[in-house]
Every structure is written in structure tokens, then in C-alpha cells.
Amino acid sequence: MGWDARQSGWPDDERGGSSSPAACRGQYRPRFHASVALSLIRTISRDRVDQLGEGLLWSARDKAVYWTDIIGQRLNRLRLADDRIDSWAMPEMIGWVIERRDAPGFIAGFQSGIAMLTLDPLTVTPLAAPEPDMTGNRLNDAVADAHGRLWLGTMPIGCDIPSGSLYRFDPDHSVTKIDTGYTVTNGPAISADGQWLYHTDSPIGRVYRFPLDQDGTVGPREDFIIFDPDWGSPDGMTVDAVGGLWIAHWGGSCISRFTPAGQRERLIALPASQITNIVFAGDALDRMFVTSAADGVDEPLGGALFEVAPGVCGLPAQQFAG
């Protein structure tokens with residue numbers, strides 16, 4: 001499918017400045033201002049949709065975008081040179097992959113824990129289980145920082161109780177619990193200056209931030225952005241080169257950019273309601289890809305992978321140092 005021009009703008013009040021995942025965040029629609037810009041949107045052509053698309057990663061090494069289908073238990077790859085899509089079945093739910101800095105393959109977040117992953121041939125080597133006694137939980141989302149550490153969240157598979165936590169996974173494979181009491185952990189992202197760790201609890205519409213030191217210690221958690229119910233729920237996040245925080249709106253049919261001060265500066269509307277994750281990609285990091293989910297909705301483009309024109313460049317993806 002080709003590029004489509006769709007509205008990109010601000011909500012009226014901010015101009016200028018069950019067990020399924022669908023049941024976890026609710027269903028909402030965004031409000032648009034009458035005067036809006038246009039953003040080009042491309043729906044990536046492929047032979048399946050994602051039940052729960054997530055875990056976007058730009059690999060400069062492979063010149064490709066990787067992403068997961070958590071419920072479908074698949075890892076997907078889009079090669080930017082020719083739009084070829086490859087897909088691998090995984091042995092269990094997989095939330096994310098992050099490249100290794102000094103070795104081939106990936107670190108991956110599975111339902112049961114953290115593992116090394118190679119694709120050709122397919123191998124999965126367990127490394128750590130942050131919650132070995134909590135079989136009702138799974139890993140959901142993660143990000144690497146400039147020091148090669150991973151920040152990752154867990155959540156209940158049923159999305160029904162606040163049993164999830166935020167962890168740090170160090171290059172020596174040690175696991176440290178940072179925070180707890182989450183129902184749907186999402187997003188983790190590192191600010192452009194490296195001084196803040198962003199994290200969300202989707203059902204309650206909270207985006208938190210933690211002061212982040214170079215040694216990996218964090219300060220007290222702060223409320224950073226509180227979602228209006230009309231926005232949907234905060235899901236995956238990424239940061240651009242000038243410090244803007246981009247957030248996917250589950251149930252909100254859009255992605256938004258927030259300033260480093262937490263003000264909603266723009267949105268890009270998308271033709272699916274359950275938007276899940278965002279990544280900058282391409283050699284210049286000036287392309288943006290967005291995942292969505294088909295689970296729980298009957299929409300023509302639910303579960304599609306989209307490309308949008310962000311109008312700003314992103315930051316290089318960091319890699320795990322272990």
C-alpha cells in the first residue's frame with residue numbers, strides 16, 4: 001500500500017504547546033483541532049497482522065526494523081532496502097529484542113525471562129529469570145542505555161493485578177528491581193541527555209520519570225505526564241534527537257510528541273486504534289515505524305505496521321554490553 005495523507009495536529013485543549021491486552025487499556029478516540037497539518041502514512045504490505053505488535057528495534061547493522069508479535073509469538077524483520085519481511089516463530093511470548101554490542105544476535109525478553117537469541121540458526125539461551133516464582137507474569141518492554149544496561153518491565157499476563165515491576169539488567173547478567181506495583185509496564189525510554197528514565201503504567205495513564213545516574217542508580221519516581229482519558233493510554237515510547245518524547249496511544253489512534261517539559265506538542269493520527277510502539281529508523285534516523293494490535297478489535301488495519309513522517313530525527317539504538 002502506498003503513502004496516505006492523514007491529519008496531524010493537537011487536541012483542542014493543548015494546541016501549541018478480562019485477560020486480553022485490549023481489556024487492559026480500554027478504548028478511546030483522540031480529539032483533533034480543526035486546523036491541522038498533514039502527515040504521510042504508509043501501511044507496510046505483508047501477509048499477516050500482529051495480534052499484539054511491540055518491541056520495535058532499528059538495527060543499523062542489518063539495515064532493518066525488527067518487531068515482535070507478543071501474542072502471536074513471532075519476531076519479524078523488515079529490510080528497508082527492498083521491503084522484504086521475514087518472520088520467525090518463537091517458543092513462547094516474546095516482548096522485545098535488543099542487539100548485543102560485542103557479539104552477534106540479540107538479547108530477548110520472553111515470557112519466562114531474558115535470553116540470548118540468534119536467528120540463523122534459531123537458538124534461545126536463557127540468561128536470567130527476574131521473577132522465577134511468578135509464572136503468571138511475563139516480560140513486556142525494554143530499552144538499552146548508553147552504558148550497555150537494559151531497563152525492562154514485567155506485567156501479569158492477564159493484565160489484572162499490579163504484579164509487574166521495573167528492573168535493570170546489567171552486562172554481568174545481574175538483575176536489580178527498581179520499582180514495583182505495575183499492572184501494564186510499558187515504554188521504558190532514556191532522555192536524550194541520559195539524565196532521565198521514562199516508564200509507564202498504561203491502565204492508569206501515568207508516564208513516570210526517574211532521575212538517572214551514570215552508574216545506573218535512580219532517584220525517586222516522579223509523575224511526568226498524566227494522560228487525559230480522551231487520549232487513550234500511554235504505551236511504547238522513544239526519544240528524538242532534540243529531546244522530544246514520542247508516545248504510542250493505545251486506544252487513542254495516534255502517536256504524540258511531548259516536549260522535554262512534558263507538554264504535548266503534536267500528534268499524528270493513525271488508521272488503527274490500538275497503537276503500541278514507535279521507533280526511528282533509516283541511515284539518517286529520519287524515518288519512523290509504528291506497531292499496532294489486532295487483539296480485541298475488528299478494524300481493517302488493526303495489527304498493521306505503519307511508517308510515518310516524523311519531521312525530526314531520532315537517536316541511535318543502544319546495545320547490550322553483555
# chains A, B, ... in the order shown; residues from 1 in each chain; ligands from 1
call {"tool": "residues_around", "arguments": {"residues": "Ala294 (chain A)", "least_positions_apart": "6", "cutoff": "10 Å", "atoms": "only C-alpha atoms", "output": "ChimeraX atom specification"}}
result
/A:21-22,49-53,272-275,300-304
call {"tool": "closest_atom_pairs", "arguments": {"of": "region 69-178 of chain A", "to": "region 203-221 of chain A", "cutoff": "12 Å", "atoms": "only C-alpha atoms", "output": "JSON lines"}}
result
{"residue": "A:Ala144", "atom": "CA", "partner": "A:Gly216", "partner_atom": "CA", "distance": 11.5}
{"residue": "A:Asp145", "atom": "CA", "partner": "A:Gly216", "partner_atom": "CA", "distance": 9.3}
{"residue": "A:Ala146", "atom": "CA", "partner": "A:Gln214", "partner_atom": "CA", "distance": 9.0}
{"residue": "A:His147", "atom": "CA", "partner": "A:Gln214", "partner_atom": "CA", "distance": 7.8}
{"residue": "A:Gly148", "atom": "CA", "partner": "A:Gly216", "partner_atom": "CA", "distance": 10.3}
{"residue": "A:Arg149", "atom": "CA", "partner": "A:Gly216", "partner_atom": "CA", "distance": 8.1}
{"residue": "A:Leu150", "atom": "CA", "partner": "A:Gly216", "partner_atom": "CA", "distance": 10.0}
{"residue": "A:Trp151", "atom": "CA", "partner": "A:Gly216", "partner_atom": "CA", "distance": 9.8}
{"residue": "A:Met155", "atom": "CA", "partner": "A:Pro203", "partner_atom": "CA", "distance": 11.7}
{"residue": "A:Cys159", "atom": "CA", "partner": "A:Pro203", "partner_atom": "CA", "distance": 8.9}
{"residue": "A:Asp160", "atom": "CA", "partner": "A:Pro203", "partner_atom": "CA", "distance": 9.8}
{"residue": "A:Ile161", "atom": "CA", "partner": "A:Pro203", "partner_atom": "CA", "distance": 10.7}
{"residue": "A:Pro162", "atom": "CA", "partner": "A:Pro203", "partner_atom": "CA", "distance": 10.2}
{"residue": "A:Leu166", "atom": "CA", "partner": "A:Phe210", "partner_atom": "CA", "distance": 11.4}
{"residue": "A:Tyr167", "atom": "CA", "partner": "A:Gly216", "partner_atom": "CA", "distance": 11.0}
{"residue": "A:Arg168", "atom": "CA", "partner": "A:Gly216", "partner_atom": "CA", "distance": 8.1}
{"residue": "A:Phe169", "atom": "CA", "partner": "A:Gly216", "partner_atom": "CA", "distance": 10.0}
{"residue": "A:Asp170", "atom": "CA", "partner": "A:Gly216", "partner_atom": "CA", "distance": 8.9}
{"residue": "A:Pro171", "atom": "CA", "partner": "A:Gly216", "partner_atom": "CA", "distance": 11.6}
{"residue": "A:Val175", "atom": "CA", "partner": "A:Gly216", "partner_atom": "CA", "distance": 11.9}
{"residue": "A:Thr176", "atom": "CA", "partner": "A:Thr217", "partner_atom": "CA", "distance": 10.1}
{"residue": "A:Lys177", "atom": "CA", "partner": "A:Thr217", "partner_atom": "CA", "distance": 11.0}
{"residue": "A:Ile178", "atom": "CA", "partner": "A:Val218", "partner_atom": "CA", "distance": 7.8}
call {"tool": "write_last_selection", "arguments": {"atoms": "N, CA, C and O atoms", "output": "PDB file, in the first residue's frame"}}
result
ATOM      1  N   ALA A 144      17.823  -0.226  26.038  1.00  0.00           N
ATOM      2  CA  ALA A 144      19.227  -0.221  26.459  1.00  0.00           C
ATOM      3  C   ALA A 144      19.690   1.214  26.638  1.00  0.00           C
ATOM      4  O   ALA A 144      19.275   2.116  25.906  1.00  0.00           O
ATOM      5  N   ASP A 145      20.578   1.430  27.617  1.00  0.00           N
ATOM      6  CA  ASP A 145      21.136   2.766  27.806  1.00  0.00           C
ATOM      7  C   ASP A 145      22.547   2.832  27.226  1.00  0.00           C
ATOM      8  O   ASP A 145      23.087   1.842  26.714  1.00  0.00           O
ATOM      9  N   ALA A 146      23.152   4.015  27.297  1.00  0.00           N
ATOM     10  CA  ALA A 146      24.465   4.235  26.680  1.00  0.00           C
ATOM     11  C   ALA A 146      25.566   3.429  27.339  1.00  0.00           C
ATOM     12  O   ALA A 146      26.659   3.275  26.764  1.00  0.00           O
ATOM     13  N   HIS A 147      25.319   2.912  28.539  1.00  0.00           N
ATOM     14  CA  HIS A 147      26.318   2.118  29.250  1.00  0.00           C
ATOM     15  C   HIS A 147      26.113   0.620  29.044  1.00  0.00           C
ATOM     16  O   HIS A 147      26.790  -0.187  29.687  1.00  0.00           O
ATOM     17  N   GLY A 148      25.205   0.261  28.159  1.00  0.00           N
ATOM     18  CA  GLY A 148      25.014  -1.140  27.831  1.00  0.00           C
ATOM     19  C   GLY A 148      24.152  -1.913  28.799  1.00  0.00           C
ATOM     20  O   GLY A 148      24.123  -3.146  28.755  1.00  0.00           O
ATOM     21  N   ARG A 149      23.422  -1.202  29.667  1.00  0.00           N
ATOM     22  CA  ARG A 149      22.474  -1.855  30.570  1.00  0.00           C
ATOM     23  C   ARG A 149      21.100  -1.918  29.922  1.00  0.00           C
ATOM     24  O   ARG A 149      20.777  -1.110  29.055  1.00  0.00           O
ATOM     25  N   LEU A 150      20.275  -2.846  30.379  1.00  0.00           N
ATOM     26  CA  LEU A 150      18.894  -2.922  29.941  1.00  0.00           C
ATOM     27  C   LEU A 150      17.966  -2.496  31.067  1.00  0.00           C
ATOM     28  O   LEU A 150      18.204  -2.811  32.238  1.00  0.00           O
ATOM     29  N   TRP A 151      16.902  -1.799  30.699  1.00  0.00           N
ATOM     30  CA  TRP A 151      15.830  -1.430  31.609  1.00  0.00           C
ATOM     31  C   TRP A 151      14.570  -2.092  31.065  1.00  0.00           C
ATOM     32  O   TRP A 151      14.217  -1.894  29.892  1.00  0.00           O
ATOM     33  N   MET A 155       4.874  -7.742  33.691  1.00  0.00           N
ATOM     34  CA  MET A 155       3.448  -7.470  33.887  1.00  0.00           C
ATOM     35  C   MET A 155       2.695  -8.793  33.972  1.00  0.00           C
ATOM     36  O   MET A 155       3.171  -9.824  33.496  1.00  0.00           O
ATOM     37  N   CYS A 159      -3.218  -8.980  32.746  1.00  0.00           N
ATOM     38  CA  CYS A 159      -3.377  -7.519  32.852  1.00  0.00           C
ATOM     39  C   CYS A 159      -4.352  -7.141  33.961  1.00  0.00           C
ATOM     40  O   CYS A 159      -5.098  -6.157  33.824  1.00  0.00           O
ATOM     41  N   ASP A 160      -4.388  -7.894  35.045  1.00  0.00           N
ATOM     42  CA  ASP A 160      -5.478  -7.738  36.003  1.00  0.00           C
ATOM     43  C   ASP A 160      -5.066  -7.336  37.410  1.00  0.00           C
ATOM     44  O   ASP A 160      -5.906  -6.887  38.194  1.00  0.00           O
ATOM     45  N   ILE A 161      -3.777  -7.476  37.742  1.00  0.00           N
ATOM     46  CA  ILE A 161      -3.326  -7.118  39.090  1.00  0.00           C
ATOM     47  C   ILE A 161      -2.000  -6.381  38.989  1.00  0.00           C
ATOM     48  O   ILE A 161      -1.249  -6.570  38.030  1.00  0.00           O
ATOM     49  N   PRO A 162      -1.667  -5.541  39.957  1.00  0.00           N
ATOM     50  CA  PRO A 162      -0.414  -4.774  39.889  1.00  0.00           C
ATOM     51  C   PRO A 162       0.796  -5.596  40.351  1.00  0.00           C
ATOM     52  O   PRO A 162       1.487  -5.241  41.305  1.00  0.00           O
ATOM     53  N   LEU A 166       9.666  -2.951  37.469  1.00  0.00           N
ATOM     54  CA  LEU A 166      10.703  -2.394  36.604  1.00  0.00           C
ATOM     55  C   LEU A 166      12.051  -2.890  37.095  1.00  0.00           C
ATOM     56  O   LEU A 166      12.338  -2.837  38.299  1.00  0.00           O
ATOM     57  N   TYR A 167      12.900  -3.379  36.172  1.00  0.00           N
ATOM     58  CA  TYR A 167      14.190  -3.957  36.522  1.00  0.00           C
ATOM     59  C   TYR A 167      15.310  -3.328  35.699  1.00  0.00           C
ATOM     60  O   TYR A 167      15.091  -2.816  34.595  1.00  0.00           O
ATOM     61  N   ARG A 168      16.525  -3.449  36.241  1.00  0.00           N
ATOM     62  CA  ARG A 168      17.751  -3.164  35.487  1.00  0.00           C
ATOM     63  C   ARG A 168      18.503  -4.480  35.306  1.00  0.00           C
ATOM     64  O   ARG A 168      18.687  -5.238  36.268  1.00  0.00           O
ATOM     65  N   PHE A 169      18.932  -4.749  34.066  1.00  0.00           N
ATOM     66  CA  PHE A 169      19.704  -5.949  33.762  1.00  0.00           C
ATOM     67  C   PHE A 169      21.083  -5.493  33.309  1.00  0.00           C
ATOM     68  O   PHE A 169      21.232  -4.832  32.283  1.00  0.00           O
ATOM     69  N   ASP A 170      22.107  -5.803  34.105  1.00  0.00           N
ATOM     70  CA  ASP A 170      23.454  -5.305  33.847  1.00  0.00           C
ATOM     71  C   ASP A 170      24.254  -6.250  32.951  1.00  0.00           C
ATOM     72  O   ASP A 170      23.914  -7.432  32.808  1.00  0.00           O
ATOM     73  N   PRO A 171      25.345  -5.760  32.361  1.00  0.00           N
ATOM     74  CA  PRO A 171      26.153  -6.608  31.476  1.00  0.00           C
ATOM     75  C   PRO A 171      26.712  -7.863  32.141  1.00  0.00           C
ATOM     76  O   PRO A 171      27.024  -8.835  31.439  1.00  0.00           O
ATOM     77  N   VAL A 175      20.437  -8.859  37.995  1.00  0.00           N
ATOM     78  CA  VAL A 175      19.118  -8.256  37.873  1.00  0.00           C
ATOM     79  C   VAL A 175      18.813  -7.467  39.139  1.00  0.00           C
ATOM     80  O   VAL A 175      18.952  -7.995  40.248  1.00  0.00           O
ATOM     81  N   THR A 176      18.398  -6.210  38.990  1.00  0.00           N
ATOM     82  CA  THR A 176      18.070  -5.353  40.126  1.00  0.00           C
ATOM     83  C   THR A 176      16.654  -4.822  39.964  1.00  0.00           C
ATOM     84  O   THR A 176      16.320  -4.232  38.927  1.00  0.00           O
ATOM     85  N   LYS A 177      15.824  -5.008  40.981  1.00  0.00           N
ATOM     86  CA  LYS A 177      14.467  -4.453  40.944  1.00  0.00           C
ATOM     87  C   LYS A 177      14.532  -2.964  41.279  1.00  0.00           C
ATOM     88  O   LYS A 177      15.099  -2.569  42.292  1.00  0.00           O
ATOM     89  N   ILE A 178      13.926  -2.156  40.413  1.00  0.00           N
ATOM     90  CA  ILE A 178      13.944  -0.706  40.563  1.00  0.00           C
ATOM     91  C   ILE A 178      12.657  -0.180  41.173  1.00  0.00           C
ATOM     92  O   ILE A 178      12.651   0.720  42.013  1.00  0.00           O
TER      93      ILE A 178
END
call {"tool": "residues_around", "arguments": {"residues": "Thr185 (chain A)", "least_positions_apart": "4", "cutoff": "10 Å", "atoms": "only C-alpha atoms", "output": "PyMOL selection string"}}
result
chain A and resi 139-142+152-156+159+162-166+180-181+199-203+234-236
call {"tool": "write_last_selection", "arguments": {"atoms": "C-alpha atoms", "output": "short mmCIF file (atom, residue, chain, number, x, y, z; two decimals), in the first residue's frame"}}
result
data_model
loop_
_atom_site.label_atom_id
_atom_site.label_comp_id
_atom_site.auth_asym_id
_atom_site.auth_seq_id
_atom_site.Cartn_x
_atom_site.Cartn_y
_atom_site.Cartn_z
CA LEU A 139 8.38 -9.53 30.24
CA ASN A 140 6.83 -6.70 28.21
CA ASP A 141 9.12 -3.87 27.08
CA ALA A 142 12.76 -2.79 27.37
CA LEU A 152 12.81 -3.71 31.37
CA GLY A 153 9.36 -4.26 32.78
CA THR A 154 7.23 -7.23 33.74
CA MET A 155 3.45 -7.47 33.89
CA PRO A 156 0.70 -10.00 34.59
CA CYS A 159 -3.38 -7.52 32.85
CA PRO A 162 -0.41 -4.77 39.89
CA SER A 163 2.18 -7.57 40.00
CA GLY A 164 4.59 -6.02 37.47
CA SER A 165 7.94 -4.43 38.21
CA LEU A 166 10.70 -2.39 36.60
CA THR A 180 7.10 -2.36 41.55
CA GLY A 181 3.29 -2.28 41.65
CA HIS A 199 8.42 4.50 32.25
CA THR A 200 4.65 3.99 32.20
CA ASP A 201 1.82 2.12 33.84
CA SER A 202 -0.66 2.05 30.97
CA PRO A 203 -4.04 1.39 32.66
CA PRO A 234 0.38 5.52 27.14
CA ASP A 235 2.14 2.57 25.55
CA GLY A 236 5.56 2.30 23.91
#
call {"tool": "closest_residue", "arguments": {"among": "A:Thr183, A:Pro188, A:Met116, A:Leu305", "to": "Arg77 (chain A)", "atoms": "only C-alpha atoms"}}
result
A:Leu305
call {"tool": "residues_around", "arguments": {"residues": "Thr259 (chain A)", "least_positions_apart": "4", "cutoff": "9 Å", "atoms": "only C-alpha atoms", "output": "ChimeraX atom specification"}}
result
/A:17,243-246,263-265
call {"tool": "atom_distance", "arguments": {"atom1": "CA of Ile71 (chain A)", "atom2": "CA of Arg84 (chain A)"}}
result
22.5 Å
call {"tool": "residues_around", "arguments": {"residues": "region 64-69 of chain A", "least_positions_apart": "3", "cutoff": "7 Å", "atoms": "only C-alpha atoms", "output": "PyMOL selection string"}}
result
chain A and resi 50-60+72-80+94-96
call {"tool": "write_last_selection", "arguments": {"atoms": "N, CA, C and O atoms", "output": "PDB file, in the first residue's frame"}}
result
ATOM      1  N   ASP A  50      -0.389  -8.306  13.264  1.00  0.00           N
ATOM      2  CA  ASP A  50       0.082  -8.677  14.597  1.00  0.00           C
ATOM      3  C   ASP A  50      -1.076  -8.660  15.581  1.00  0.00           C
ATOM      4  O   ASP A  50      -1.812  -7.676  15.666  1.00  0.00           O
ATOM      5  N   GLN A  51      -1.217  -9.730  16.332  1.00  0.00           N
ATOM      6  CA  GLN A  51      -2.197  -9.716  17.409  1.00  0.00           C
ATOM      7  C   GLN A  51      -1.809  -8.680  18.456  1.00  0.00           C
ATOM      8  O   GLN A  51      -2.662  -7.971  18.981  1.00  0.00           O
ATOM      9  N   LEU A  52      -0.515  -8.556  18.724  1.00  0.00           N
ATOM     10  CA  LEU A  52      -0.022  -7.532  19.649  1.00  0.00           C
ATOM     11  C   LEU A  52       1.389  -7.149  19.217  1.00  0.00           C
ATOM     12  O   LEU A  52       2.381  -7.664  19.709  1.00  0.00           O
ATOM     13  N   GLY A  53       1.458  -6.247  18.231  1.00  0.00           N
ATOM     14  CA  GLY A  53       2.755  -5.769  17.763  1.00  0.00           C
ATOM     15  C   GLY A  53       3.445  -4.958  18.839  1.00  0.00           C
ATOM     16  O   GLY A  53       2.822  -4.142  19.514  1.00  0.00           O
ATOM     17  N   GLU A  54       4.742  -5.157  18.994  1.00  0.00           N
ATOM     18  CA  GLU A  54       5.512  -4.473  20.045  1.00  0.00           C
ATOM     19  C   GLU A  54       7.008  -4.570  19.733  1.00  0.00           C
ATOM     20  O   GLU A  54       7.411  -5.104  18.708  1.00  0.00           O
ATOM     21  N   GLY A  55       7.816  -4.048  20.664  1.00  0.00           N
ATOM     22  CA  GLY A  55       9.248  -4.308  20.680  1.00  0.00           C
ATOM     23  C   GLY A  55      10.023  -3.823  19.481  1.00  0.00           C
ATOM     24  O   GLY A  55      10.989  -4.463  19.052  1.00  0.00           O
ATOM     25  N   LEU A  56       9.673  -2.686  18.902  1.00  0.00           N
ATOM     26  CA  LEU A  56      10.367  -2.191  17.715  1.00  0.00           C
ATOM     27  C   LEU A  56      11.842  -1.911  17.986  1.00  0.00           C
ATOM     28  O   LEU A  56      12.209  -1.359  19.024  1.00  0.00           O
ATOM     29  N   LEU A  57      12.682  -2.266  17.021  1.00  0.00           N
ATOM     30  CA  LEU A  57      14.123  -2.034  17.100  1.00  0.00           C
ATOM     31  C   LEU A  57      14.645  -1.699  15.715  1.00  0.00           C
ATOM     32  O   LEU A  57      14.362  -2.421  14.749  1.00  0.00           O
ATOM     33  N   TRP A  58      15.408  -0.610  15.598  1.00  0.00           N
ATOM     34  CA  TRP A  58      16.142  -0.323  14.358  1.00  0.00           C
ATOM     35  C   TRP A  58      17.544  -0.889  14.497  1.00  0.00           C
ATOM     36  O   TRP A  58      18.279  -0.554  15.424  1.00  0.00           O
ATOM     37  N   SER A  59      17.914  -1.763  13.555  1.00  0.00           N
ATOM     38  CA  SER A  59      19.250  -2.348  13.523  1.00  0.00           C
ATOM     39  C   SER A  59      20.041  -1.691  12.400  1.00  0.00           C
ATOM     40  O   SER A  59      19.804  -1.975  11.219  1.00  0.00           O
ATOM     41  N   ALA A  60      20.979  -0.815  12.760  1.00  0.00           N
ATOM     42  CA  ALA A  60      21.861  -0.227  11.752  1.00  0.00           C
ATOM     43  C   ALA A  60      22.762  -1.303  11.152  1.00  0.00           C
ATOM     44  O   ALA A  60      23.157  -1.214   9.984  1.00  0.00           O
ATOM     45  N   GLY A  72       1.126 -13.542  19.157  1.00  0.00           N
ATOM     46  CA  GLY A  72       1.408 -14.456  18.061  1.00  0.00           C
ATOM     47  C   GLY A  72       2.713 -15.200  18.196  1.00  0.00           C
ATOM     48  O   GLY A  72       2.998 -16.106  17.407  1.00  0.00           O
ATOM     49  N   GLN A  73       3.545 -14.824  19.182  1.00  0.00           N
ATOM     50  CA  GLN A  73       4.822 -15.477  19.466  1.00  0.00           C
ATOM     51  C   GLN A  73       5.730 -15.501  18.231  1.00  0.00           C
ATOM     52  O   GLN A  73       6.265 -16.534  17.827  1.00  0.00           O
ATOM     53  N   ARG A  74       5.930 -14.300  17.650  1.00  0.00           N
ATOM     54  CA  ARG A  74       6.763 -14.187  16.458  1.00  0.00           C
ATOM     55  C   ARG A  74       7.699 -12.988  16.579  1.00  0.00           C
ATOM     56  O   ARG A  74       7.374 -11.984  17.226  1.00  0.00           O
ATOM     57  N   LEU A  75       8.850 -13.109  15.920  1.00  0.00           N
ATOM     58  CA  LEU A  75       9.761 -11.995  15.709  1.00  0.00           C
ATOM     59  C   LEU A  75       9.778 -11.712  14.214  1.00  0.00           C
ATOM     60  O   LEU A  75       9.938 -12.629  13.398  1.00  0.00           O
ATOM     61  N   ASN A  76       9.606 -10.436  13.847  1.00  0.00           N
ATOM     62  CA  ASN A  76       9.526 -10.029  12.442  1.00  0.00           C
ATOM     63  C   ASN A  76      10.678  -9.093  12.099  1.00  0.00           C
ATOM     64  O   ASN A  76      11.211  -8.394  12.966  1.00  0.00           O
ATOM     65  N   ARG A  77      11.008  -9.068  10.804  1.00  0.00           N
ATOM     66  CA  ARG A  77      12.066  -8.167  10.323  1.00  0.00           C
ATOM     67  C   ARG A  77      11.654  -7.564   8.986  1.00  0.00           C
ATOM     68  O   ARG A  77      11.228  -8.269   8.072  1.00  0.00           O
ATOM     69  N   LEU A  78      11.794  -6.246   8.869  1.00  0.00           N
ATOM     70  CA  LEU A  78      11.561  -5.523   7.630  1.00  0.00           C
ATOM     71  C   LEU A  78      12.887  -4.956   7.148  1.00  0.00           C
ATOM     72  O   LEU A  78      13.497  -4.129   7.831  1.00  0.00           O
ATOM     73  N   ARG A  79      13.352  -5.416   5.986  1.00  0.00           N
ATOM     74  CA  ARG A  79      14.571  -4.862   5.408  1.00  0.00           C
ATOM     75  C   ARG A  79      14.210  -3.606   4.621  1.00  0.00           C
ATOM     76  O   ARG A  79      13.368  -3.645   3.720  1.00  0.00           O
ATOM     77  N   LEU A  80      14.855  -2.490   4.954  1.00  0.00           N
ATOM     78  CA  LEU A  80      14.466  -1.232   4.328  1.00  0.00           C
ATOM     79  C   LEU A  80      14.881  -1.141   2.866  1.00  0.00           C
ATOM     80  O   LEU A  80      14.266  -0.404   2.090  1.00  0.00           O
ATOM     81  N   ILE A  94       7.163 -13.314  23.223  1.00  0.00           N
ATOM     82  CA  ILE A  94       8.390 -12.522  23.160  1.00  0.00           C
ATOM     83  C   ILE A  94       8.013 -11.050  23.072  1.00  0.00           C
ATOM     84  O   ILE A  94       7.216 -10.645  22.221  1.00  0.00           O
ATOM     85  N   GLY A  95       8.569 -10.248  23.976  1.00  0.00           N
ATOM     86  CA  GLY A  95       8.213  -8.837  24.036  1.00  0.00           C
ATOM     87  C   GLY A  95       9.142  -7.920  23.284  1.00  0.00           C
ATOM     88  O   GLY A  95       8.715  -6.891  22.762  1.00  0.00           O
ATOM     89  N   TRP A  96      10.447  -8.271  23.198  1.00  0.00           N
ATOM     90  CA  TRP A  96      11.425  -7.350  22.618  1.00  0.00           C
ATOM     91  C   TRP A  96      12.725  -8.071  22.290  1.00  0.00           C
ATOM     92  O   TRP A  96      13.002  -9.159  22.817  1.00  0.00           O
TER      93      TRP A  96
END
call {"tool": "select_by_dssp", "arguments": {"residues": "region 153-202 of chain A", "states": "strand (DSSP E)", "output": "MDAnalysis selection string"}}
result
chainID A and resid 153:156 164:169 175:182 185:190 196:201
call {"tool": "closest_residue", "arguments": {"among": "A:Ala321, A:Ile247, A:Ala241, A:Leu267", "to": "His173 (chain A)", "atoms": "only C-alpha atoms"}}
result
A:Ala321
call {"tool": "residues_around", "arguments": {"residues": "region 121-128 of chain A", "least_positions_apart": "4", "cutoff": "10 Å", "atoms": "only C-alpha atoms", "output": "list in words"}}
result
Trp88, Ala89, Met90, Pro91, Gly105, Phe106, Ile107, Ala108, Gly109, Phe110, Ser112, Gly113, Ile114, Ala115, Met116, Leu117, Pro132, Phe169, His173, Ser174 and Val175 of chain A
call {"tool": "closest_atom_pairs", "arguments": {"of": "region 128-246 of chain A", "to": "region 309-316 of chain A", "cutoff": "8 Å", "atoms": "only C-alpha atoms", "output": "CSV"}}
result
residue,atom,partner,partner_atom,distance
A:Ala192,CA,A:Leu315,CA,7.7
A:Val239,CA,A:Gly314,CA,6.6
A:Asp240,CA,A:Gly314,CA,4.1
A:Ala241,CA,A:Gly314,CA,4.9
call {"tool": "residues_around", "arguments": {"residues": "Val308 (chain A)", "least_positions_apart": "3", "cutoff": "8 Å", "atoms": "only C-alpha atoms", "output": "list in words"}}
result
Ser39, Leu40, Ile41, Arg42, Arg287, Met288, Phe289 and Val290 of chain A
call {"tool": "closest_residue", "arguments": {"among": "A:Met237, A:Arg48, A:Ile226, A:Arg61", "to": "Arg101 (chain A)", "atoms": "only C-alpha atoms"}}
result
A:Arg61
